[in-house]
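Just below is one structure, and these are the notes that go with it.
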Amino acid sequence: MKDADPVAIVLCGSAGMGAVYLRELFDKTEGRLFRIEGVVDPFPERSPHLERLQAQKIPIYADLAAFYERHSADLAIVSSPIQYHCRQTCLALENGSHVLCEKPVAATIQEGRRMAEAQARAGRWVAIGYQWSFSEAIQDLKTDILSGRFGKPRRMKCLYLWPRDLAYYGRNDWAGKKRDRSGAWILDSPANNAMAHDLHNIFYVLGCDRAGSAVPVEVEAELYRAYEIENFDTAAVRCRTDGGADIHFFVSHVSAADKGPVFLYEFEKGTVAGDGRNTDIQARFADGTVKNYGCPDHEPMKKLQDCLESARTGVPPVCGLEAALSQTLCLDGLQDSMPDIARFPEQLLRRETAPDRRRIWVAGLDEIFERCYETLRLPSELDVPWSRPGARVDLARYESFPSARA
């Protein structure tokens with residue numbers, strides 16, 4: 001397309017993250033070299049932007065196929081629930097659109113591979129909306145890692161305690177679910193939703209090139225829940241990559257405190273550290289040099305700007321489908337590591353019952369996960385009474401979720 005031509009956009013989902021994209025498109029995107037060709041949402045009345053969509057006479061369709069019967073789009077933004085990512089991405093590619101799909105890629109690795117095959121057939125690109133990957137901070141860090149400035153990676157660890165309340169799990173009909181009513185996999189969890197960014201980022205910065213990520217080859221996990229949900233709200237994970245780096249990942253939605261993401265990436269020649277949302281990433285090299293990479297959350301919607309530009313040029317964005325598949329592969333493996341989620345003992349559950357803040361947390365969990373982070377051990381290796389070990393899952397020959405072993 002010509003540089004001056006507006007990018008025709010179809011947006012799948014108008015509430016949740018879809019509402020965030022609409023706000024950006026309506027209010028903040030400079031240049032206006034785009035037009036919203038249509039919105040796909042079976043429940044548009046849930047969108048805070050419905051009146052504005054109607055005022056601008058933007059057509060709304062119940063499904064994506066109906067949109068493509070009447071329109072075309074240069075860019076499809078898939079911000080619908082996880083179980084729709086694969087089918088909507090593939091349909092958009094078949095109709096000639098590039099795709100910006102919100103994280104994660106999909107619930108299962110077989111869906112992700114199906115998306116990759118559709119991408120290859122269509123000759124279009126698919127980007128995945130992990131906003132850190134699009135930030136100047138992460139791109140600068142990855143450039144230094146690729147240049148050899150840090151040397152070989154050794155250990156990567158992350159601790160993220162982010163309390164969520166009952167409203168979080170009641171905000172839709174798929175939060176905390178393994179499957180939807182039709183049987184489609186969702187696998188919603190901290191590791192596949194709120195903290196998926198942090199797991200993906202470890203693989204992404206270790207990729208052997210700008211477009212790639214390190215690939216997990218083995219994973220073991222301990223998965224727990226306090227809320228009355230199908231899947232887990234707490235995870236302790238150990239993973240090994242194809243480059244030999246060890247990853248330790250500790251996340252929970254039922255902690256007492258809000259802490260993180262706290263992370264430390266250890267290399268031969270230095271370390272990279274972060275300590276909380278909206279803080280800068282700092283590197284310390286073996287020679288005493290310190291480098292500040294800035295805050296990766298500074299421009300969370302840079303992914304949209306970059307994808308609009310890529311739709312005009314055809315040059316794939318920095319975080320493509322291939323780079324994001326490592327998180328999906330690891331996620332499926334850790335789910336297989338403990339198919340039956342362990343429940344926290346009832347006597348450890350604490351409940352906050354304020355009208356505007358009804359939540360559950362687990363007594364002592366924060367301190368245990370901080371010990372896990374410091375010692376690089378899983379709870380069962382610390383002989384925590386309520387802990388239960390998961391199985392080691394080989395990801396080098398992993399074909400589909402759930403695996404035959406699970």
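Residues are named by chain letter and number: chains run A, B, ... in the order of the structure tokens, numbers start at 1 in each chain, and ligands are numbered from 1 in the order shown.
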At a cut-off of 8 Å, using only C-alpha atoms, what residues contact A:Pro389? Leave out same-chain residues fewer than 5 positions from it and give the result as a ChimeraX atom specification. /A:221-222,380
Could those selected residues go to a file with C-alpha atoms, as a PDB file, in the first residue's frame?
```
ATOM      1  CA  ALA A 221       5.810 -26.793  37.947  1.00  0.00           C
ATOM      2  CA  GLU A 222       3.820 -26.677  41.148  1.00  0.00           C
ATOM      3  CA  SER A 380       8.288 -28.836  47.677  1.00  0.00           C
TER       4      SER A 380
END
```
For A:Arg32: contacts at 12 Å, only C-alpha atoms, fewer than 6 positions along chain excluded, given as a list in words: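 The filter keeps Ala4, Asp5, Pro6, Val7, Ala8, Ile9, Glu24, Leu25, Phe26, Gln305, Leu308 and Glu309 of chain A.
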Residues as selected, N, CA and C atoms, written as a compact mmCIF listing (two decimals), in the first residue's frame, can you do that?
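Output saved as result-v7.txt:
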```txt
# COMPACT_ATOMS: atom_id res chain seq x y z
N ALA A 4 0.72 7.10 2.00
CA ALA A 4 -0.34 8.02 2.38
C ALA A 4 -1.69 7.34 2.54
N ASP A 5 -1.80 6.07 2.13
CA ASP A 5 -3.07 5.37 2.24
C ASP A 5 -3.36 5.05 3.70
N PRO A 6 -4.60 5.25 4.15
CA PRO A 6 -4.94 4.87 5.53
C PRO A 6 -4.98 3.36 5.67
N VAL A 7 -4.54 2.86 6.81
CA VAL A 7 -4.59 1.44 7.12
C VAL A 7 -6.02 1.10 7.54
N ALA A 8 -6.64 0.18 6.83
CA ALA A 8 -7.98 -0.27 7.18
C ALA A 8 -7.89 -1.30 8.29
N ILE A 9 -8.61 -1.07 9.39
CA ILE A 9 -8.51 -1.90 10.59
C ILE A 9 -9.84 -2.57 10.88
N GLU A 24 -7.21 4.16 22.32
CA GLU A 24 -5.98 4.59 21.66
C GLU A 24 -6.27 5.08 20.24
N LEU A 25 -7.08 4.34 19.53
CA LEU A 25 -7.41 4.70 18.14
C LEU A 25 -8.23 5.99 18.09
N PHE A 26 -9.17 6.14 18.99
CA PHE A 26 -10.02 7.32 19.00
C PHE A 26 -9.29 8.58 19.45
N GLN A 305 1.19 1.37 17.36
CA GLN A 305 1.85 2.28 16.42
C GLN A 305 2.79 1.52 15.48
N LEU A 308 0.77 -0.52 12.92
CA LEU A 308 0.20 0.33 11.88
C LEU A 308 1.28 0.67 10.84
N GLU A 309 2.48 0.97 11.32
CA GLU A 309 3.58 1.26 10.40
C GLU A 309 3.97 0.01 9.60
```
Contacts of A:Leu264 within 6 Å, only C-alpha atoms, excl. fewer than 4 positions in-chain, as a list in words: Met156, Lys157, Val272 and Ala273 of chain A
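In this comparison, which uses only C-alpha atoms, the residue of A:Leu376, A:Leu187, A:Ala120, A:Ala137 approaching A:Thr108 most closely is A:Leu187.
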Got a sec: who's within 12 Å of A:Asp366, counting only C-alpha atoms, leaving out chain neighbours fewer than 4 positions off, as a list in words? Leu159, Tyr160, Leu161, Trp162, Pro163, Thr234, Phe250, Val251, Ser252, His253, Val254, Ser255, Ala256, Ala257, Asp258, Lys259, Gly260, Trp361, Val362, Glu370, Arg371, Cys372, Tyr373 and Pro379 of chain A
Next, the residues of the selection above should be written as a PDB file, in the first residue's frame with C-alpha atoms.
```pdb
ATOM      1  CA  LEU A 159       8.904 -13.096  41.315  1.00  0.00           C
ATOM      2  CA  TYR A 160       5.526 -11.448  40.767  1.00  0.00           C
ATOM      3  CA  LEU A 161       2.885 -11.223  43.511  1.00  0.00           C
ATOM      4  CA  TRP A 162      -0.202  -9.429  42.193  1.00  0.00           C
ATOM      5  CA  PRO A 163      -3.332  -9.809  44.357  1.00  0.00           C
ATOM      6  CA  THR A 234      -0.427 -19.536  41.946  1.00  0.00           C
ATOM      7  CA  PHE A 250       7.122 -17.547  40.866  1.00  0.00           C
ATOM      8  CA  VAL A 251       3.725 -15.867  40.465  1.00  0.00           C
ATOM      9  CA  SER A 252       0.495 -15.563  42.419  1.00  0.00           C
ATOM     10  CA  HIS A 253      -2.838 -13.739  42.526  1.00  0.00           C
ATOM     11  CA  VAL A 254      -3.480 -14.719  46.165  1.00  0.00           C
ATOM     12  CA  SER A 255      -0.560 -13.057  47.926  1.00  0.00           C
ATOM     13  CA  ALA A 256      -1.021 -10.625  50.805  1.00  0.00           C
ATOM     14  CA  ALA A 257       1.148  -7.925  49.218  1.00  0.00           C
ATOM     15  CA  ASP A 258       1.520  -6.463  45.741  1.00  0.00           C
ATOM     16  CA  LYS A 259       5.137  -7.004  44.741  1.00  0.00           C
ATOM     17  CA  GLY A 260       6.869  -7.137  41.390  1.00  0.00           C
ATOM     18  CA  TRP A 361      -5.024 -14.470  50.198  1.00  0.00           C
ATOM     19  CA  VAL A 362      -2.869 -17.266  51.607  1.00  0.00           C
ATOM     20  CA  GLU A 370      10.432 -14.894  48.439  1.00  0.00           C
ATOM     21  CA  ARG A 371      12.504 -17.801  49.827  1.00  0.00           C
ATOM     22  CA  CYS A 372      11.910 -19.731  46.606  1.00  0.00           C
ATOM     23  CA  TYR A 373      13.123 -16.734  44.605  1.00  0.00           C
ATOM     24  CA  PRO A 379       8.101 -25.037  47.511  1.00  0.00           C
TER      25      PRO A 379
END
```
Measuring between only C-alpha atoms, which one of A:Asp297, A:Asp287, A:Glu94, A:Asp233 shows the shortest distance to A:Glu136?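 The answer is A:Asp297, which sits nearest to A:Glu136.
Among the candidate residues A:Arg149, A:Arg351, A:Ala211, A:Asp383, the one lying nearest to A:Arg284 is A:Arg149, with distances computed using only C-alpha atoms.
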Extract the full set of helix (DSSP H, G or I) residues from stretch 2-145 of chain A according to DSSP on the backbone, and format it as a PyMOL selection string. chain A and resi 17-28+44-46+50-55+64-70+82-94+109-122+131-134+136-145
Would you output that residue set with C-alpha atoms, as a CSV table (one decimal), in the first residue's frame?
```
chain,number,residue,atom,x,y,z
A,17,MET,CA,-8.4,-4.9,25.9
A,18,GLY,CA,-10.5,-4.1,22.9
A,19,ALA,CA,-11.7,-1.0,24.8
A,20,VAL,CA,-8.1,-0.1,25.4
A,21,TYR,CA,-7.3,-0.3,21.6
A,22,LEU,CA,-10.4,1.8,20.8
A,23,ARG,CA,-9.4,4.5,23.2
A,24,GLU,CA,-6.0,4.6,21.7
A,25,LEU,CA,-7.4,4.7,18.1
A,26,PHE,CA,-10.0,7.3,19.0
A,27,ASP,CA,-8.0,9.6,21.2
A,28,LYS,CA,-4.2,9.1,21.0
A,44,PRO,CA,-21.1,-4.7,21.8
A,45,GLU,CA,-23.3,-3.4,24.5
A,46,ARG,CA,-20.5,-4.2,27.0
A,50,LEU,CA,-20.5,1.8,21.9
A,51,GLU,CA,-22.0,5.3,21.6
A,52,ARG,CA,-18.9,6.6,19.9
A,53,LEU,CA,-18.8,3.6,17.5
A,54,GLN,CA,-22.4,4.3,16.6
A,55,ALA,CA,-21.9,8.0,16.2
A,64,LEU,CA,-15.4,-12.0,11.8
A,65,ALA,CA,-16.6,-14.0,8.8
A,66,ALA,CA,-19.6,-11.7,8.5
A,67,PHE,CA,-17.2,-8.7,8.5
A,68,TYR,CA,-15.1,-10.2,5.6
A,69,GLU,CA,-18.2,-10.8,3.6
A,70,ARG,CA,-18.6,-7.1,3.1
A,82,ILE,CA,-7.8,-16.5,24.4
A,83,GLN,CA,-10.0,-19.3,22.9
A,84,TYR,CA,-10.7,-17.2,19.8
A,85,HIS,CA,-7.1,-16.2,19.0
A,86,CYS,CA,-6.4,-19.1,16.7
A,87,ARG,CA,-9.5,-19.2,14.6
A,88,GLN,CA,-9.8,-15.4,14.2
A,89,THR,CA,-6.1,-15.0,13.4
A,90,CYS,CA,-6.3,-17.7,10.7
A,91,LEU,CA,-9.5,-16.3,9.2
A,92,ALA,CA,-7.9,-12.8,9.1
A,93,LEU,CA,-4.8,-14.2,7.3
A,94,GLU,CA,-7.0,-16.1,4.8
A,109,ILE,CA,1.0,-25.1,21.0
A,110,GLN,CA,-0.9,-27.0,18.3
A,111,GLU,CA,-3.1,-23.9,17.8
A,112,GLY,CA,0.0,-21.7,17.7
A,113,ARG,CA,1.6,-23.9,15.0
A,114,ARG,CA,-1.7,-23.8,13.0
A,115,MET,CA,-1.5,-20.0,13.1
A,116,ALA,CA,2.2,-20.2,11.9
A,117,GLU,CA,1.1,-22.4,9.0
A,118,ALA,CA,-1.7,-20.0,8.1
A,119,GLN,CA,0.8,-17.1,8.2
A,120,ALA,CA,3.2,-18.8,5.8
A,121,ARG,CA,0.4,-19.6,3.4
A,122,ALA,CA,-0.9,-16.0,3.5
A,131,GLN,CA,4.1,-4.6,24.9
A,132,TRP,CA,7.5,-5.0,26.6
A,133,SER,CA,9.0,-6.5,23.4
A,134,PHE,CA,8.1,-3.4,21.5
A,136,GLU,CA,12.9,0.8,23.4
A,137,ALA,CA,14.1,-0.6,26.8
A,138,ILE,CA,13.8,-4.2,25.8
A,139,GLN,CA,15.0,-3.7,22.3
A,140,ASP,CA,18.1,-2.0,23.6
A,141,LEU,CA,18.7,-4.7,26.1
A,142,LYS,CA,18.3,-7.5,23.5
A,143,THR,CA,20.7,-5.7,21.2
A,144,ASP,CA,23.4,-5.7,23.9
A,145,ILE,CA,22.7,-9.4,24.7
```
Do you know which residues are at most 6 Å from A:Leu334 counting only C-alpha atoms, after dropping those on the same chain fewer than 2 positions away, and could you put them as a PDB file with C-alpha atoms, in the first residue's frame?
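Contents of the output file part30.pdb:
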```pdb
ATOM      1  CA  GLU A 220       8.426 -28.672  35.973  1.00  0.00           C
ATOM      2  CA  ALA A 221       5.810 -26.793  37.947  1.00  0.00           C
ATOM      3  CA  LEU A 331       2.645 -22.862  29.503  1.00  0.00           C
ATOM      4  CA  ASP A 332       1.329 -26.117  28.063  1.00  0.00           C
ATOM      5  CA  ASP A 336       0.941 -30.980  32.011  1.00  0.00           C
ATOM      6  CA  SER A 337       3.420 -31.012  34.883  1.00  0.00           C
TER       7      SER A 337
END
```
Please run DSSP on the backbone and report, as a ChimeraX atom specification, all residues within stretch 152-261 of chain A that come out as strand (DSSP E). /A:153-161,216-225,234-241,246-252,259-261
I'd like to know which of A:Gly314, A:Gly151, A:Gly294, A:Gly243 is closest to A:Ser97, using only C-alpha atoms. A:Gly314
Atom CA of A:Ile341 to atom CA of A:Arg358, straight-line distance in Å: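 Atom CA of A:Ile341 lies 22.9 Å from atom CA of A:Arg358.
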Of the listed residues A:Thr289, A:Ser387, A:Ser72, A:Ser213, that which approaches A:Leu321 most closely, counting only C-alpha atoms: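 The closest residue to A:Leu321 is A:Ser213.
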Taking 6 positions as the minimum chain separation for residues in the same chain, which residues sit within 10 Å of stretch 217-219 of chain A when counting only C-alpha atoms? Answer as a PyMOL selection string. chain A and resi 237-244+246-248+326+329-337+390-398
Just the residues within 8 Å of A:Tyr130, please, counting only C-alpha atoms, with nothing from its chain fewer than 6 positions along; format it as a PyMOL selection string. chain A and resi 102-103+197+200+303+319
Ranking A:Leu325, A:Cys307, A:Leu206, A:Ile36 by minimum distance to A:Phe267 and counting only C-alpha atoms, which one comes first? A:Leu206
